[in-house]
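Accompanying notes for the structure given below.
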2 protein chains.
Amino acid sequence: MQIGQLAKLAQVTPRTIRYYESLDLLHPSEREGSGFRYYGQDALARLKKIEYLKNLNFSLDEIGSVIELYFSESSNYLGKLKIIEILQAHLKEVDEKIDSLQQFRSEIILQIAKMQQWVEETRNS
Amino acid sequence: MQIGQLAKLAQVTPRTIRYYESLDLLHPSEREGSGFRYYGQDALARLKKIEYLKNLNFSLDEIGSVIELYFSESSNYLGKLKIIEILQAHLKEVDEKIDSLQQFRSEIILQIAKMQQWVEETRNS
DNA sequence: AATCAATCTTACGTTAACGTAAAGGTTTGA
DNA sequence: TCAAACCTTTACGTTAACGTAAGATTGATT
């Protein structure tokens, strides 16, 4: 399929796809005479994975450093170990983010409770 | 205290403080003849709250819409009800963020497991 | 009085992640 | 064959959240 089709399926613009290509996140499977970019289903999967990671506040740069982990079929022993390392680092980051968000959540609930009590007290005045 | 002192205490630059002021997030308690900005302890608390919210991926714009809730001492009955509304909306946002992060966390763990198994299998070849 | 550090405003620069317009090539269907 | 629809590259524009430099004031110290 061409770039427009892929863009539609992935809910992004062609510009975005070309931009990702410039960052080495994604490449067309074929590109001959005409200069048109042609993609397969794998490209769609990659694009979706990218958007998914973006949604989790990963920068395109960070995504670039891990996207291969999800799609490279094989690598050597040491490569795999390194991938595990990176993934564990990411796990730690995510855990910390979850923690602080949960703490923030408690704060919000506390604030709401305070406000509600205040409203109760004020109600009859 | 002056802007430099406040900046040091809050671990930001004076430029950042002035920028926040331009966004109405924070104002000096005093500012007469000289043109110098003078702040009290409340400013430090506000700044820290701002940095805290930033850490949770809130934009300065979003922060502007909630910061008052934490520092405005009183308001009328309807005002309080509105504040509660806003806080509940925020709670929802935060909950959703936590959810997606937890989902992502599971995926990472899954990936790590996959990789480790792969390593196991490859180890003796 | 002189000097030096801190502050002031103004304004251009920077990074990320694209948007958008211009000017032109390609493919496809009538 | 020729026009519509899609594609190409090039390049300037945009938002957020400041950084940074310039030139002028102000406050504090000697």
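By order of appearance in the structure tokens: chains A, B, ..., then residues from 1 within every chain, and ligands from 1 in the order shown.
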**OP:** Give me, as a count of residues only, the contact residues of chain B against chain D at a cut-off of 9 Å, counting only C-alpha atoms (C1' of nucleotides).
**Re:** 8
**OP:** Name the residues in contact with Tyr70 in chain B at a cut-off of 9 Å, using only C-alpha atoms (C1' of nucleotides), excluding same-chain residues fewer than 6 positions from it; report them as a list in words.
**Re:** Gln111 of chain A; Arg46 and Lys49 of chain B
Take the residues from that selection and write them out as a compact mmCIF listing (two decimals), in the first residue's frame, keeping C-alpha atoms.
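Contents of part21.txt, as written:
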# COMPACT_ATOMS: atom_id res chain seq x y z
CA GLN A 111 -8.72 17.96 48.58
CA ARG B 46 3.53 27.78 44.90
CA LYS B 49 3.57 22.88 43.66
**OP:** Between B:Arg18, B:Lys48, B:Arg37, B:Lys114, single out the one closest to chain A, counting only C-alpha atoms.
**Re:** B:Lys114
Sorted per-residue table, chain A near chain B, closest atoms and distance, 10 Å, only C-alpha atoms, as CSV:
residue,atom,partner,partner_atom,distance
A:Tyr52,CA,B:Phe104,CA,9.2
A:Leu53,CA,B:Phe104,CA,8.7
A:Asn55,CA,B:Ser100,CA,8.7
A:Leu56,CA,B:Leu101,CA,6.8
A:Asn57,CA,B:Asn57,CA,8.6
A:Leu69,CA,B:Gln111,CA,9.2
A:Tyr70,CA,B:Gln111,CA,8.4
A:Ser74,CA,B:Trp118,CA,9.8
A:Asn76,CA,B:Thr122,CA,8.8
A:Tyr77,CA,B:Val119,CA,6.7
A:Leu78,CA,B:Val119,CA,9.2
A:Gly79,CA,B:Val119,CA,9.8
A:Lys80,CA,B:Met115,CA,6.7
A:Leu81,CA,B:Val119,CA,7.6
A:Ile83,CA,B:Met115,CA,7.9
A:Ile84,CA,B:Ile112,CA,5.9
A:Glu85,CA,B:Ile112,CA,8.9
A:Ile86,CA,B:Ile112,CA,9.6
A:Leu87,CA,B:Ile108,CA,6.6
A:Gln88,CA,B:Ile112,CA,7.5
A:His90,CA,B:Ile108,CA,7.9
A:Leu91,CA,B:Arg105,CA,6.5
A:Lys92,CA,B:Arg105,CA,9.4
A:Glu93,CA,B:Arg105,CA,9.8
A:Val94,CA,B:Arg105,CA,6.7
A:Asp95,CA,B:Arg105,CA,7.6
A:Lys97,CA,B:Leu56,CA,7.7
A:Ile98,CA,B:Ile98,CA,6.0
A:Asp99,CA,B:Ile98,CA,9.0
A:Ser100,CA,B:Leu56,CA,7.5
A:Leu101,CA,B:Leu56,CA,6.7
A:Gln102,CA,B:Ile98,CA,7.5
A:Phe104,CA,B:Val94,CA,8.2
A:Arg105,CA,B:Leu91,CA,6.5
A:Ser106,CA,B:Leu91,CA,9.2
A:Glu107,CA,B:Leu91,CA,9.6
A:Ile108,CA,B:Leu91,CA,6.6
A:Ile109,CA,B:Leu91,CA,7.6
A:Gln111,CA,B:Leu87,CA,7.9
A:Ile112,CA,B:Ile84,CA,5.8
A:Ala113,CA,B:Ile84,CA,8.9
A:Lys114,CA,B:Ile84,CA,9.5
A:Met115,CA,B:Lys80,CA,6.6
A:Gln116,CA,B:Ile84,CA,7.4
A:Trp118,CA,B:Lys80,CA,8.2
A:Val119,CA,B:Tyr77,CA,6.7
A:Glu120,CA,B:Tyr77,CA,9.8
A:Thr122,CA,B:Tyr77,CA,7.1
A:Arg123,CA,B:Tyr77,CA,7.6
A:Ser125,CA,B:Tyr77,CA,10.0
**OP:** Looking only at alpha helix (DSSP H) from DSSP on the backbone, list the matching residues of chain A as a ChimeraX atom specification.
**Re:** /A:3-10,14-22,41-55,60-71,77-123
Give one line per residue of chain C that approaches chain A to at most 12 Å, naming the two atoms of the closest pair and their distance in Å to one decimal, counting only C-alpha atoms (C1' of nucleotides); sort by chain then ascending residue number and deliver it as CSV.
residue,atom,partner,partner_atom,distance
C:DT15,C1',A:Ser59,CA,11.9
C:DA16,C1',A:Ser59,CA,8.5
C:DA17,C1',A:Leu60,CA,8.5
C:DC18,C1',A:Thr16,CA,6.5
C:DG19,C1',A:Arg15,CA,8.4
C:DT20,C1',A:Arg15,CA,10.0
C:DG25,C1',A:Ser34,CA,8.4
C:DT26,C1',A:Ser34,CA,6.6
C:DT27,C1',A:Ser34,CA,9.7
Let me see the file: selected residues, C-alpha atoms (C1' of nucleotides), as a PDB file, in the first residue's frame.
ATOM      1  C1'  DT C  15      14.005  21.537  20.784  1.00  0.00           C
ATOM      2  C1'  DA C  16      10.203  18.415  19.579  1.00  0.00           C
ATOM      3  C1'  DA C  17       6.849  16.920  16.623  1.00  0.00           C
ATOM      4  C1'  DC C  18       4.833  17.795  13.337  1.00  0.00           C
ATOM      5  C1'  DG C  19       1.570  21.422   9.939  1.00  0.00           C
ATOM      6  C1'  DT C  20       1.301  23.569   5.706  1.00  0.00           C
ATOM      7  C1'  DG C  25       6.313  14.273 -10.891  1.00  0.00           C
ATOM      8  C1'  DT C  26       3.263   9.734 -11.314  1.00  0.00           C
ATOM      9  C1'  DT C  27      -0.764   6.712 -11.907  1.00  0.00           C
TER      10       DT C  27
END
